[in-house]
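Q: I have a structure here, written as structure tokens, and I will follow up with some questions on it.
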Amino acid sequence: MIPLWTGIVALLLLSLWLLWLPLRRAAGLRDALMTFEADDRNNAENLAIYRQRLAALEAALAEGEIDRGRFAEDRLELDRRLLEDAGSTGRRPLRRVQAGRWLLPVVAVVVIAGTLLFYDQTGDRRDLALYQVIQSLTHAPPETRLAALEAEARRQDDNPKAWAELFPRYRDSGQFDKAIMTLERLIALQGRQPALLAQLAQMKFFAAHRTLTGEVQALVDETLKLDPRQPTVLGMLGIDAFDHARYPQAIDYWRRAMAGYQDAESGQALRKVIAVAQQRLAATRETPAETLGATPDETSAAGPTSAAAAAGQPSLQVDLTLSPSLQGRLPADTPVFLVARDVDGNRPPLAIAQTTLGALPRTLTLSDAQAMTADARLSQAARVDLVARVSATGQATPQSGDLYGRLDGVEVAGSATLALDIDHAVP
């Protein structure tokens, strides 16, 4: 804020100097005008013209061109005009140099008050404060940045930019409940815009374990009514169709989503997952009839590796197990999340797969098809950290009582199946 107020004060001082400058020059200007008036030659010129015309009248009288009556009338007219011309050149006396100086402090007060009032009404002090908070946290740990932005959002509760800064951090850390709360606040401030509704539908979709619930479907319908080409919603519908082995629908949704993205990177990501879906569709058509009876969950668990490999996509196959020491701590239907993150922690989760505790041990596969967004995919990283979490609350973020296991620095290009044991509990 200090540079801003310094600039405002500097501009106000410049304005006051420009107001004072004419008064500073007033004395010299008055002297010049008085000198000019003292050297006025208008009356002398009028008198010379009068004498010329009077001489012409006298010459005309002497030569008999006019009589004395006409001469008297014309001379009277000449005298009258001379008096009029001499009277019209009179000027009002100049005022004193100090006259009107009382207006300077009045105008100065008006300028200062008007400037401050105008900035208060139209300025972005809150945005500047938010920017300074963000800049001050550039090298701070993620937890510190998040806590500071939460405090700033509470302080600027009616500033949508503060909530917009907070939302991606909740989303990228898997805190879907808080991300949903943030989006709902943004919608309350900015209205039901298609982009915000699409993000809300996507967050509720992932919070419901990639399930297209009635609430999510209502948001999808509202969004597509406002913007039939909204790419976030179409991409999410493609994920749902892919998860349920409806590969033609997934391909159609993702192709339509490509038309809504403006950046080439998102389009390239969608082309890759479309290729995976096409390979999966071809593999399904060649599958024996008895295999077609498998559930979508079983199909997605068993088949992604070959399809991703056939499409030239990197993938990770993980044998997920639960340590015997942790058996029986949580119910069998407790959700289990397998998450791949970039080792620097600067991106959202690159891929997420899900199962239940009762299904372990189980082999899960991560690829670009399990990406949360088109901007963060497994194929973009050389190494990733794998975290498996048994979530008692249904959230992918750590909570007391959760069970977890992890592998750090896993090579994405590796072909060997990885073994990940869930062997820790969150205190």
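Note on naming: chains are A, B, ... as they come in the structure tokens, residues start from 1 per chain, ligands start from 1 in the order shown.
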Near Val273 in chain A, counting only C-alpha atoms, which residues have an atom at most 10 Å away, once you skip same-chain residues fewer than 4 positions from it, shown as a list in words?

A: Gly238, Ile239, Phe242, Ala250, Ile251, Trp254, Gln268, Ala269, Ala277, Gln278, Gln279, Ala308, Ala311, Gln313, Ser367, Asp368, Ala369, Gln370, Ala371 and Ala374 of chain A

Q: Please provide as a PDB file with all heavy atoms, in the first residue's frame all residues within 12 Å of Arg210 in chain A, with the sequence filter that same-chain residues fewer than 2 positions apart are discarded (counting only C-alpha atoms).

A:
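New file part_37.pdb:
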ATOM      1  N   PHE A 176     -12.368 -31.568  -1.318  1.00  0.00           N
ATOM      2  CA  PHE A 176     -13.527 -31.294  -2.163  1.00  0.00           C
ATOM      3  C   PHE A 176     -14.633 -30.567  -1.404  1.00  0.00           C
ATOM      4  O   PHE A 176     -15.333 -29.736  -1.974  1.00  0.00           O
ATOM      5  CB  PHE A 176     -14.058 -32.600  -2.754  1.00  0.00           C
ATOM      6  CG  PHE A 176     -13.061 -33.308  -3.635  1.00  0.00           C
ATOM      7  CD1 PHE A 176     -12.840 -34.663  -3.504  1.00  0.00           C
ATOM      8  CD2 PHE A 176     -12.343 -32.620  -4.582  1.00  0.00           C
ATOM      9  CE1 PHE A 176     -11.918 -35.319  -4.309  1.00  0.00           C
ATOM     10  CE2 PHE A 176     -11.425 -33.258  -5.395  1.00  0.00           C
ATOM     11  CZ  PHE A 176     -11.209 -34.610  -5.260  1.00  0.00           C
ATOM     12  N   ALA A 201     -20.156 -28.678 -10.318  1.00  0.00           N
ATOM     13  CA  ALA A 201     -20.588 -30.028 -10.686  1.00  0.00           C
ATOM     14  C   ALA A 201     -19.410 -30.998 -10.669  1.00  0.00           C
ATOM     15  O   ALA A 201     -19.525 -32.135 -10.186  1.00  0.00           O
ATOM     16  CB  ALA A 201     -21.235 -29.999 -12.076  1.00  0.00           C
ATOM     17  N   GLN A 202     -18.270 -30.557 -11.158  1.00  0.00           N
ATOM     18  CA  GLN A 202     -17.092 -31.425 -11.188  1.00  0.00           C
ATOM     19  C   GLN A 202     -16.618 -31.774  -9.785  1.00  0.00           C
ATOM     20  O   GLN A 202     -16.288 -32.930  -9.498  1.00  0.00           O
ATOM     21  CB  GLN A 202     -15.967 -30.739 -11.967  1.00  0.00           C
ATOM     22  CG  GLN A 202     -14.732 -31.610 -12.158  1.00  0.00           C
ATOM     23  CD  GLN A 202     -13.618 -30.859 -12.852  1.00  0.00           C
ATOM     24  OE1 GLN A 202     -13.104 -29.885 -12.315  1.00  0.00           O
ATOM     25  NE2 GLN A 202     -13.260 -31.285 -14.051  1.00  0.00           N
ATOM     26  N   MET A 203     -16.590 -30.773  -8.880  1.00  0.00           N
ATOM     27  CA  MET A 203     -16.151 -31.038  -7.510  1.00  0.00           C
ATOM     28  C   MET A 203     -17.107 -32.008  -6.804  1.00  0.00           C
ATOM     29  O   MET A 203     -16.676 -32.918  -6.086  1.00  0.00           O
ATOM     30  CB  MET A 203     -16.054 -29.731  -6.736  1.00  0.00           C
ATOM     31  CG  MET A 203     -14.883 -28.832  -7.133  1.00  0.00           C
ATOM     32  SD  MET A 203     -13.254 -29.604  -6.898  1.00  0.00           S
ATOM     33  CE  MET A 203     -12.903 -30.179  -8.573  1.00  0.00           C
ATOM     34  N   LYS A 204     -18.406 -31.817  -6.991  1.00  0.00           N
ATOM     35  CA  LYS A 204     -19.372 -32.715  -6.357  1.00  0.00           C
ATOM     36  C   LYS A 204     -19.313 -34.111  -6.981  1.00  0.00           C
ATOM     37  O   LYS A 204     -19.569 -35.113  -6.300  1.00  0.00           O
ATOM     38  CB  LYS A 204     -20.779 -32.130  -6.467  1.00  0.00           C
ATOM     39  CG  LYS A 204     -20.962 -30.875  -5.612  1.00  0.00           C
ATOM     40  CD  LYS A 204     -22.408 -30.466  -5.488  1.00  0.00           C
ATOM     41  CE  LYS A 204     -22.549 -29.307  -4.497  1.00  0.00           C
ATOM     42  NZ  LYS A 204     -23.955 -28.938  -4.239  1.00  0.00           N
ATOM     43  N   PHE A 205     -18.955 -34.171  -8.239  1.00  0.00           N
ATOM     44  CA  PHE A 205     -18.781 -35.454  -8.912  1.00  0.00           C
ATOM     45  C   PHE A 205     -17.626 -36.237  -8.287  1.00  0.00           C
ATOM     46  O   PHE A 205     -17.755 -37.425  -7.968  1.00  0.00           O
ATOM     47  CB  PHE A 205     -18.527 -35.201 -10.406  1.00  0.00           C
ATOM     48  CG  PHE A 205     -18.176 -36.421 -11.204  1.00  0.00           C
ATOM     49  CD1 PHE A 205     -19.142 -37.350 -11.557  1.00  0.00           C
ATOM     50  CD2 PHE A 205     -16.868 -36.633 -11.622  1.00  0.00           C
ATOM     51  CE1 PHE A 205     -18.816 -38.482 -12.298  1.00  0.00           C
ATOM     52  CE2 PHE A 205     -16.532 -37.748 -12.368  1.00  0.00           C
ATOM     53  CZ  PHE A 205     -17.503 -38.674 -12.703  1.00  0.00           C
ATOM     54  N   PHE A 206     -16.492 -35.566  -8.080  1.00  0.00           N
ATOM     55  CA  PHE A 206     -15.350 -36.249  -7.475  1.00  0.00           C
ATOM     56  C   PHE A 206     -15.586 -36.510  -5.995  1.00  0.00           C
ATOM     57  O   PHE A 206     -15.128 -37.534  -5.461  1.00  0.00           O
ATOM     58  CB  PHE A 206     -14.073 -35.431  -7.676  1.00  0.00           C
ATOM     59  CG  PHE A 206     -13.515 -35.524  -9.063  1.00  0.00           C
ATOM     60  CD1 PHE A 206     -13.528 -34.427  -9.907  1.00  0.00           C
ATOM     61  CD2 PHE A 206     -12.987 -36.712  -9.530  1.00  0.00           C
ATOM     62  CE1 PHE A 206     -13.015 -34.503 -11.190  1.00  0.00           C
ATOM     63  CE2 PHE A 206     -12.464 -36.811 -10.809  1.00  0.00           C
ATOM     64  CZ  PHE A 206     -12.480 -35.706 -11.652  1.00  0.00           C
ATOM     65  N   ALA A 207     -16.274 -35.593  -5.305  1.00  0.00           N
ATOM     66  CA  ALA A 207     -16.574 -35.811  -3.885  1.00  0.00           C
ATOM     67  C   ALA A 207     -17.480 -37.019  -3.698  1.00  0.00           C
ATOM     68  O   ALA A 207     -17.433 -37.685  -2.662  1.00  0.00           O
ATOM     69  CB  ALA A 207     -17.226 -34.563  -3.292  1.00  0.00           C
ATOM     70  N   ALA A 208     -18.317 -37.291  -4.697  1.00  0.00           N
ATOM     71  CA  ALA A 208     -19.201 -38.461  -4.649  1.00  0.00           C
ATOM     72  C   ALA A 208     -18.536 -39.688  -5.253  1.00  0.00           C
ATOM     73  O   ALA A 208     -19.228 -40.617  -5.704  1.00  0.00           O
ATOM     74  CB  ALA A 208     -20.501 -38.156  -5.388  1.00  0.00           C
ATOM     75  N   LEU A 212     -22.280 -39.798 -10.776  1.00  0.00           N
ATOM     76  CA  LEU A 212     -23.160 -38.765 -11.313  1.00  0.00           C
ATOM     77  C   LEU A 212     -24.459 -38.786 -10.511  1.00  0.00           C
ATOM     78  O   LEU A 212     -25.479 -39.343 -10.929  1.00  0.00           O
ATOM     79  CB  LEU A 212     -23.422 -39.023 -12.798  1.00  0.00           C
ATOM     80  CG  LEU A 212     -23.826 -37.819 -13.657  1.00  0.00           C
ATOM     81  CD1 LEU A 212     -22.733 -36.762 -13.643  1.00  0.00           C
ATOM     82  CD2 LEU A 212     -24.093 -38.271 -15.090  1.00  0.00           C
ATOM     83  N   THR A 213     -24.440 -38.172  -9.336  1.00  0.00           N
ATOM     84  CA  THR A 213     -25.616 -38.144  -8.468  1.00  0.00           C
ATOM     85  C   THR A 213     -26.696 -37.232  -9.046  1.00  0.00           C
ATOM     86  O   THR A 213     -26.465 -36.507 -10.021  1.00  0.00           O
ATOM     87  CB  THR A 213     -25.218 -37.653  -7.070  1.00  0.00           C
ATOM     88  OG1 THR A 213     -24.762 -36.290  -7.182  1.00  0.00           O
ATOM     89  CG2 THR A 213     -24.109 -38.500  -6.471  1.00  0.00           C
ATOM     90  N   VAL A 216     -25.529 -33.642  -8.896  1.00  0.00           N
ATOM     91  CA  VAL A 216     -24.563 -33.346  -9.953  1.00  0.00           C
ATOM     92  C   VAL A 216     -25.264 -33.232 -11.301  1.00  0.00           C
ATOM     93  O   VAL A 216     -24.980 -32.328 -12.101  1.00  0.00           O
ATOM     94  CB  VAL A 216     -23.471 -34.430  -9.989  1.00  0.00           C
ATOM     95  CG1 VAL A 216     -22.545 -34.225 -11.182  1.00  0.00           C
ATOM     96  CG2 VAL A 216     -22.673 -34.430  -8.698  1.00  0.00           C
ATOM     97  N   MET A 236     -16.245 -33.998 -17.786  1.00  0.00           N
ATOM     98  CA  MET A 236     -16.687 -34.804 -16.647  1.00  0.00           C
ATOM     99  C   MET A 236     -17.651 -35.898 -17.091  1.00  0.00           C
ATOM    100  O   MET A 236     -17.564 -37.049 -16.640  1.00  0.00           O
ATOM    101  CB  MET A 236     -17.355 -33.898 -15.621  1.00  0.00           C
ATOM    102  CG  MET A 236     -17.797 -34.608 -14.353  1.00  0.00           C
ATOM    103  SD  MET A 236     -18.902 -33.577 -13.388  1.00  0.00           S
ATOM    104  CE  MET A 236     -20.370 -33.594 -14.433  1.00  0.00           C
ATOM    105  N   LEU A 237     -18.562 -35.565 -17.996  1.00  0.00           N
ATOM    106  CA  LEU A 237     -19.482 -36.578 -18.511  1.00  0.00           C
ATOM    107  C   LEU A 237     -18.720 -37.662 -19.263  1.00  0.00           C
ATOM    108  O   LEU A 237     -19.099 -38.847 -19.231  1.00  0.00           O
ATOM    109  CB  LEU A 237     -20.517 -35.921 -19.424  1.00  0.00           C
ATOM    110  CG  LEU A 237     -21.524 -35.000 -18.732  1.00  0.00           C
ATOM    111  CD1 LEU A 237     -22.400 -34.299 -19.774  1.00  0.00           C
ATOM    112  CD2 LEU A 237     -22.386 -35.772 -17.742  1.00  0.00           C
ATOM    113  N   GLY A 238     -17.627 -37.267 -19.928  1.00  0.00           N
ATOM    114  CA  GLY A 238     -16.792 -38.259 -20.594  1.00  0.00           C
ATOM    115  C   GLY A 238     -16.142 -39.208 -19.601  1.00  0.00           C
ATOM    116  O   GLY A 238     -16.051 -40.424 -19.847  1.00  0.00           O
ATOM    117  N   ILE A 239     -15.693 -38.667 -18.462  1.00  0.00           N
ATOM    118  CA  ILE A 239     -15.098 -39.521 -17.415  1.00  0.00           C
ATOM    119  C   ILE A 239     -16.135 -40.510 -16.885  1.00  0.00           C
ATOM    120  O   ILE A 239     -15.845 -41.704 -16.697  1.00  0.00           O
ATOM    121  CB  ILE A 239     -14.542 -38.654 -16.272  1.00  0.00           C
ATOM    122  CG1 ILE A 239     -13.338 -37.841 -16.763  1.00  0.00           C
ATOM    123  CG2 ILE A 239     -14.145 -39.508 -15.079  1.00  0.00           C
ATOM    124  CD1 ILE A 239     -12.827 -36.838 -15.763  1.00  0.00           C
ATOM    125  N   ASP A 240     -17.345 -40.026 -16.629  1.00  0.00           N
ATOM    126  CA  ASP A 240     -18.399 -40.912 -16.120  1.00  0.00           C
ATOM    127  C   ASP A 240     -18.712 -42.016 -17.122  1.00  0.00           C
ATOM    128  O   ASP A 240     -18.855 -43.186 -16.743  1.00  0.00           O
ATOM    129  CB  ASP A 240     -19.656 -40.090 -15.822  1.00  0.00           C
ATOM    130  CG  ASP A 240     -20.796 -40.950 -15.322  1.00  0.00           C
ATOM    131  OD1 ASP A 240     -20.715 -41.436 -14.174  1.00  0.00           O
ATOM    132  OD2 ASP A 240     -21.770 -41.143 -16.081  1.00  0.00           O
ATOM    133  N   ALA A 241     -18.816 -41.637 -18.393  1.00  0.00           N
ATOM    134  CA  ALA A 241     -19.093 -42.652 -19.410  1.00  0.00           C
ATOM    135  C   ALA A 241     -17.941 -43.642 -19.515  1.00  0.00           C
ATOM    136  O   ALA A 241     -18.148 -44.858 -19.652  1.00  0.00           O
ATOM    137  CB  ALA A 241     -19.335 -41.973 -20.759  1.00  0.00           C
ATOM    138  N   PHE A 242     -16.707 -43.158 -19.417  1.00  0.00           N
ATOM    139  CA  PHE A 242     -15.540 -44.045 -19.488  1.00  0.00           C
ATOM    140  C   PHE A 242     -15.522 -45.008 -18.308  1.00  0.00           C
ATOM    141  O   PHE A 242     -15.247 -46.206 -18.465  1.00  0.00           O
ATOM    142  CB  PHE A 242     -14.266 -43.197 -19.504  1.00  0.00           C
ATOM    143  CG  PHE A 242     -13.012 -43.986 -19.698  1.00  0.00           C
ATOM    144  CD1 PHE A 242     -12.512 -44.226 -20.962  1.00  0.00           C
ATOM    145  CD2 PHE A 242     -12.312 -44.490 -18.606  1.00  0.00           C
ATOM    146  CE1 PHE A 242     -11.342 -44.959 -21.152  1.00  0.00           C
ATOM    147  CE2 PHE A 242     -11.154 -45.232 -18.775  1.00  0.00           C
ATOM    148  CZ  PHE A 242     -10.660 -45.460 -20.053  1.00  0.00           C
ATOM    149  N   ASP A 243     -15.820 -44.504 -17.108  1.00  0.00           N
ATOM    150  CA  ASP A 243     -15.817 -45.355 -15.917  1.00  0.00           C
ATOM    151  C   ASP A 243     -16.843 -46.479 -16.014  1.00  0.00           C
ATOM    152  O   ASP A 243     -16.675 -47.546 -15.404  1.00  0.00           O
ATOM    153  CB  ASP A 243     -16.089 -44.522 -14.668  1.00  0.00           C
ATOM    154  CG  ASP A 243     -14.908 -43.648 -14.286  1.00  0.00           C
ATOM    155  OD1 ASP A 243     -13.811 -43.859 -14.838  1.00  0.00           O
ATOM    156  OD2 ASP A 243     -15.083 -42.736 -13.443  1.00  0.00           O
ATOM    157  N   HIS A 244     -17.919 -46.243 -16.755  1.00  0.00           N
ATOM    158  CA  HIS A 244     -18.976 -47.248 -16.887  1.00  0.00           C
ATOM    159  C   HIS A 244     -18.900 -47.983 -18.221  1.00  0.00           C
ATOM    160  O   HIS A 244     -19.888 -48.569 -18.675  1.00  0.00           O
ATOM    161  CB  HIS A 244     -20.350 -46.597 -16.729  1.00  0.00           C
ATOM    162  CG  HIS A 244     -20.621 -46.107 -15.331  1.00  0.00           C
ATOM    163  ND1 HIS A 244     -20.162 -44.893 -14.869  1.00  0.00           N
ATOM    164  CD2 HIS A 244     -21.270 -46.695 -14.295  1.00  0.00           C
ATOM    165  CE1 HIS A 244     -20.540 -44.734 -13.605  1.00  0.00           C
ATOM    166  NE2 HIS A 244     -21.205 -45.814 -13.230  1.00  0.00           N
ATOM    167  N   ASP A 297     -16.867 -51.817 -12.765  1.00  0.00           N
ATOM    168  CA  ASP A 297     -15.754 -51.645 -11.838  1.00  0.00           C
ATOM    169  C   ASP A 297     -14.683 -52.694 -12.078  1.00  0.00           C
ATOM    170  O   ASP A 297     -13.492 -52.430 -12.052  1.00  0.00           O
ATOM    171  CB  ASP A 297     -16.267 -51.726 -10.400  1.00  0.00           C
ATOM    172  CG  ASP A 297     -15.198 -51.343  -9.403  1.00  0.00           C
ATOM    173  OD1 ASP A 297     -14.683 -50.225  -9.511  1.00  0.00           O
ATOM    174  OD2 ASP A 297     -14.886 -52.178  -8.538  1.00  0.00           O
ATOM    175  N   PRO A 335     -14.063 -46.173   1.459  1.00  0.00           N
ATOM    176  CA  PRO A 335     -13.383 -45.900   0.187  1.00  0.00           C
ATOM    177  C   PRO A 335     -11.877 -45.835   0.337  1.00  0.00           C
ATOM    178  O   PRO A 335     -11.341 -45.382   1.353  1.00  0.00           O
ATOM    179  CB  PRO A 335     -13.951 -44.535  -0.242  1.00  0.00           C
ATOM    180  CG  PRO A 335     -14.472 -43.922   1.003  1.00  0.00           C
ATOM    181  CD  PRO A 335     -14.918 -45.045   1.873  1.00  0.00           C
ATOM    182  N   PHE A 337      -8.511 -44.444  -1.823  1.00  0.00           N
ATOM    183  CA  PHE A 337      -8.057 -43.605  -2.923  1.00  0.00           C
ATOM    184  C   PHE A 337      -6.590 -43.906  -3.216  1.00  0.00           C
ATOM    185  O   PHE A 337      -5.761 -43.944  -2.294  1.00  0.00           O
ATOM    186  CB  PHE A 337      -8.188 -42.118  -2.576  1.00  0.00           C
ATOM    187  CG  PHE A 337      -9.602 -41.669  -2.338  1.00  0.00           C
ATOM    188  CD1 PHE A 337     -10.117 -41.628  -1.040  1.00  0.00           C
ATOM    189  CD2 PHE A 337     -10.411 -41.287  -3.387  1.00  0.00           C
ATOM    190  CE1 PHE A 337     -11.406 -41.208  -0.810  1.00  0.00           C
ATOM    191  CE2 PHE A 337     -11.705 -40.866  -3.169  1.00  0.00           C
ATOM    192  CZ  PHE A 337     -12.217 -40.836  -1.880  1.00  0.00           C
ATOM    193  N   ILE A 352      -6.280 -40.281 -10.240  1.00  0.00           N
ATOM    194  CA  ILE A 352      -6.920 -40.810  -9.036  1.00  0.00           C
ATOM    195  C   ILE A 352      -7.703 -42.065  -9.406  1.00  0.00           C
ATOM    196  O   ILE A 352      -8.512 -42.042 -10.343  1.00  0.00           O
ATOM    197  CB  ILE A 352      -7.862 -39.789  -8.380  1.00  0.00           C
ATOM    198  CG1 ILE A 352      -7.093 -38.560  -7.909  1.00  0.00           C
ATOM    199  CG2 ILE A 352      -8.593 -40.405  -7.191  1.00  0.00           C
ATOM    200  CD1 ILE A 352      -7.973 -37.503  -7.272  1.00  0.00           C
ATOM    201  N   ALA A 353      -7.453 -43.137  -8.686  1.00  0.00           N
ATOM    202  CA  ALA A 353      -8.250 -44.355  -8.832  1.00  0.00           C
ATOM    203  C   ALA A 353      -8.873 -44.671  -7.472  1.00  0.00           C
ATOM    204  O   ALA A 353      -8.367 -44.258  -6.426  1.00  0.00           O
ATOM    205  CB  ALA A 353      -7.378 -45.511  -9.310  1.00  0.00           C
ATOM    206  N   GLN A 354      -9.976 -45.410  -7.494  1.00  0.00           N
ATOM    207  CA  GLN A 354     -10.713 -45.643  -6.254  1.00  0.00           C
ATOM    208  C   GLN A 354     -11.204 -47.085  -6.192  1.00  0.00           C
ATOM    209  O   GLN A 354     -11.566 -47.699  -7.205  1.00  0.00           O
ATOM    210  CB  GLN A 354     -11.898 -44.683  -6.168  1.00  0.00           C
ATOM    211  CG  GLN A 354     -12.726 -44.852  -4.916  1.00  0.00           C
ATOM    212  CD  GLN A 354     -13.954 -43.962  -4.940  1.00  0.00           C
ATOM    213  OE1 GLN A 354     -14.027 -43.043  -5.745  1.00  0.00           O
ATOM    214  NE2 GLN A 354     -14.914 -44.253  -4.099  1.00  0.00           N
ATOM    215  N   THR A 355     -11.195 -47.605  -4.985  1.00  0.00           N
ATOM    216  CA  THR A 355     -11.789 -48.911  -4.727  1.00  0.00           C
ATOM    217  C   THR A 355     -12.310 -48.886  -3.285  1.00  0.00           C
ATOM    218  O   THR A 355     -12.472 -47.809  -2.714  1.00  0.00           O
ATOM    219  CB  THR A 355     -10.757 -50.041  -4.950  1.00  0.00           C
ATOM    220  OG1 THR A 355     -11.389 -51.296  -4.790  1.00  0.00           O
ATOM    221  CG2 THR A 355      -9.583 -49.920  -4.000  1.00  0.00           C
ATOM    222  N   GLN A 370      -7.452 -41.303 -15.799  1.00  0.00           N
ATOM    223  CA  GLN A 370      -7.894 -41.027 -14.431  1.00  0.00           C
ATOM    224  C   GLN A 370      -7.535 -39.603 -13.982  1.00  0.00           C
ATOM    225  O   GLN A 370      -7.567 -39.292 -12.805  1.00  0.00           O
ATOM    226  CB  GLN A 370      -7.254 -42.025 -13.450  1.00  0.00           C
ATOM    227  CG  GLN A 370      -7.892 -43.406 -13.453  1.00  0.00           C
ATOM    228  CD  GLN A 370      -7.469 -44.233 -14.644  1.00  0.00           C
ATOM    229  OE1 GLN A 370      -6.324 -44.181 -15.066  1.00  0.00           O
ATOM    230  NE2 GLN A 370      -8.402 -45.002 -15.190  1.00  0.00           N
ATOM    231  N   ALA A 371      -7.212 -38.730 -14.927  1.00  0.00           N
ATOM    232  CA  ALA A 371      -6.860 -37.351 -14.581  1.00  0.00           C
ATOM    233  C   ALA A 371      -8.098 -36.583 -14.120  1.00  0.00           C
ATOM    234  O   ALA A 371      -9.207 -36.807 -14.610  1.00  0.00           O
ATOM    235  CB  ALA A 371      -6.220 -36.651 -15.774  1.00  0.00           C
ATOM    236  N   MET A 372      -7.893 -35.677 -13.171  1.00  0.00           N
ATOM    237  CA  MET A 372      -8.992 -34.819 -12.704  1.00  0.00           C
ATOM    238  C   MET A 372      -9.277 -33.712 -13.705  1.00  0.00           C
ATOM    239  O   MET A 372     -10.421 -33.319 -13.911  1.00  0.00           O
ATOM    240  CB  MET A 372      -8.642 -34.202 -11.351  1.00  0.00           C
ATOM    241  CG  MET A 372      -8.695 -35.161 -10.182  1.00  0.00           C
ATOM    242  SD  MET A 372      -8.296 -34.332  -8.640  1.00  0.00           S
ATOM    243  CE  MET A 372      -9.565 -33.064  -8.583  1.00  0.00           C
TER     244      MET A 372
END

Q: So what do you get for CA of Glu222 in chain A versus CA of Leu166 in chain A, distance-wise?

A: 24.5 Å

Q: State, in Å with one decimal place, the distance from CA of Pro194 in chain A to CA of Leu224 in chain A.

A: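 Those two atoms sit 7.8 Å apart.
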
Q: Please, what distance in Å, to one decimal, runs between CA of Val426 in chain A and CA of Leu378 in chain A?

A: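 We find that CA of Val426 in chain A and CA of Leu378 in chain A lie 26.7 Å from each other.
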
Q: Mind running range 332-357 of chain A against range 169-172 of chain A at 12 Å and telling me each contacting residue's nearest atom pair with the distance in Å (one decimal), counting only C-alpha atoms, chain and number ascending, as JSON lines?

A:
{"residue": "A:Val339", "atom": "CA", "partner": "A:Asp172", "partner_atom": "CA", "distance": 11.6}
{"residue": "A:Ala340", "atom": "CA", "partner": "A:Asp172", "partner_atom": "CA", "distance": 11.8}
{"residue": "A:Arg341", "atom": "CA", "partner": "A:Asp172", "partner_atom": "CA", "distance": 9.8}
{"residue": "A:Asp342", "atom": "CA", "partner": "A:Asp172", "partner_atom": "CA", "distance": 11.4}
{"residue": "A:Gly345", "atom": "CA", "partner": "A:Asp172", "partner_atom": "CA", "distance": 9.2}
{"residue": "A:Asn346", "atom": "CA", "partner": "A:Asp172", "partner_atom": "CA", "distance": 8.7}
{"residue": "A:Arg347", "atom": "CA", "partner": "A:Asp172", "partner_atom": "CA", "distance": 6.7}
{"residue": "A:Pro348", "atom": "CA", "partner": "A:Asp172", "partner_atom": "CA", "distance": 4.0}
{"residue": "A:Pro349", "atom": "CA", "partner": "A:Asp172", "partner_atom": "CA", "distance": 6.3}
{"residue": "A:Leu350", "atom": "CA", "partner": "A:Asp172", "partner_atom": "CA", "distance": 9.6}
{"residue": "A:Ala351", "atom": "CA", "partner": "A:Asp172", "partner_atom": "CA", "distance": 11.5}
{"residue": "A:Ile352", "atom": "CA", "partner": "A:Asp172", "partner_atom": "CA", "distance": 11.9}

Q: Please, could you write that set of residues out with N, CA, C and O atoms as a CSV table (one decimal), in the first residue's frame?

A:
chain,number,residue,atom,x,y,z
A,339,VAL,N,-3.7,-42.1,-5.3
A,339,VAL,CA,-3.5,-40.8,-5.9
A,339,VAL,C,-2.0,-40.7,-6.4
A,339,VAL,O,-1.1,-41.0,-5.7
A,340,ALA,N,-1.8,-40.2,-7.6
A,340,ALA,CA,-0.5,-39.9,-8.1
A,340,ALA,C,-0.3,-38.4,-8.2
A,340,ALA,O,-1.1,-37.7,-8.8
A,341,ARG,N,0.7,-37.9,-7.5
A,341,ARG,CA,1.0,-36.5,-7.5
A,341,ARG,C,2.4,-36.2,-8.0
A,341,ARG,O,3.3,-37.1,-7.9
A,342,ASP,N,2.6,-35.0,-8.7
A,342,ASP,CA,4.0,-34.7,-9.1
A,342,ASP,C,4.9,-34.4,-7.8
A,342,ASP,O,4.4,-34.0,-6.8
A,345,GLY,N,4.8,-31.1,-6.0
A,345,GLY,CA,3.5,-30.7,-5.4
A,345,GLY,C,3.0,-29.4,-5.9
A,345,GLY,O,2.2,-28.7,-5.3
A,346,ASN,N,3.3,-29.0,-7.2
A,346,ASN,CA,2.8,-27.8,-7.8
A,346,ASN,C,1.5,-27.9,-8.6
A,346,ASN,O,1.0,-26.9,-9.1
A,347,ARG,N,1.1,-29.2,-8.8
A,347,ARG,CA,-0.1,-29.4,-9.7
A,347,ARG,C,-1.1,-30.1,-8.9
A,347,ARG,O,-0.9,-30.7,-7.8
A,348,PRO,N,-2.3,-30.1,-9.5
A,348,PRO,CA,-3.4,-31.0,-8.9
A,348,PRO,C,-3.0,-32.4,-9.0
A,348,PRO,O,-2.0,-32.8,-9.8
A,349,PRO,N,-3.7,-33.3,-8.4
A,349,PRO,CA,-3.4,-34.8,-8.5
A,349,PRO,C,-3.5,-35.1,-10.0
A,349,PRO,O,-4.4,-34.7,-10.8
A,350,LEU,N,-2.4,-35.9,-10.4
A,350,LEU,CA,-2.3,-36.2,-11.8
A,350,LEU,C,-3.2,-37.4,-12.2
A,350,LEU,O,-3.6,-37.5,-13.4
A,351,ALA,N,-3.6,-38.2,-11.3
A,351,ALA,CA,-4.5,-39.3,-11.6
A,351,ALA,C,-5.0,-39.9,-10.2
A,351,ALA,O,-4.3,-39.9,-9.2
A,352,ILE,N,-6.3,-40.3,-10.2
A,352,ILE,CA,-6.9,-40.8,-9.0
A,352,ILE,C,-7.7,-42.1,-9.4
A,352,ILE,O,-8.5,-42.0,-10.3

Q: Could you check which of A:Ile274, A:Leu360, A:Ala376, A:Ala416 is closest to Leu316 in chain A, using only C-alpha atoms?

A: A:Ala416

Q: With distances taken over only C-alpha atoms, which residue among A:Ile134, A:Leu420, A:Leu407, A:Ala425 lies nearest Leu149 in chain A?

A: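 That would be A:Ile134, the residue with the smallest distance to Leu149 in chain A.
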
Q: Taking 6 positions as the minimum chain separation for residues in the same chain, which residues sit within 10 Å of Gly409 in chain A when counting only C-alpha atoms? Answer as a count of residues only.

A: 8
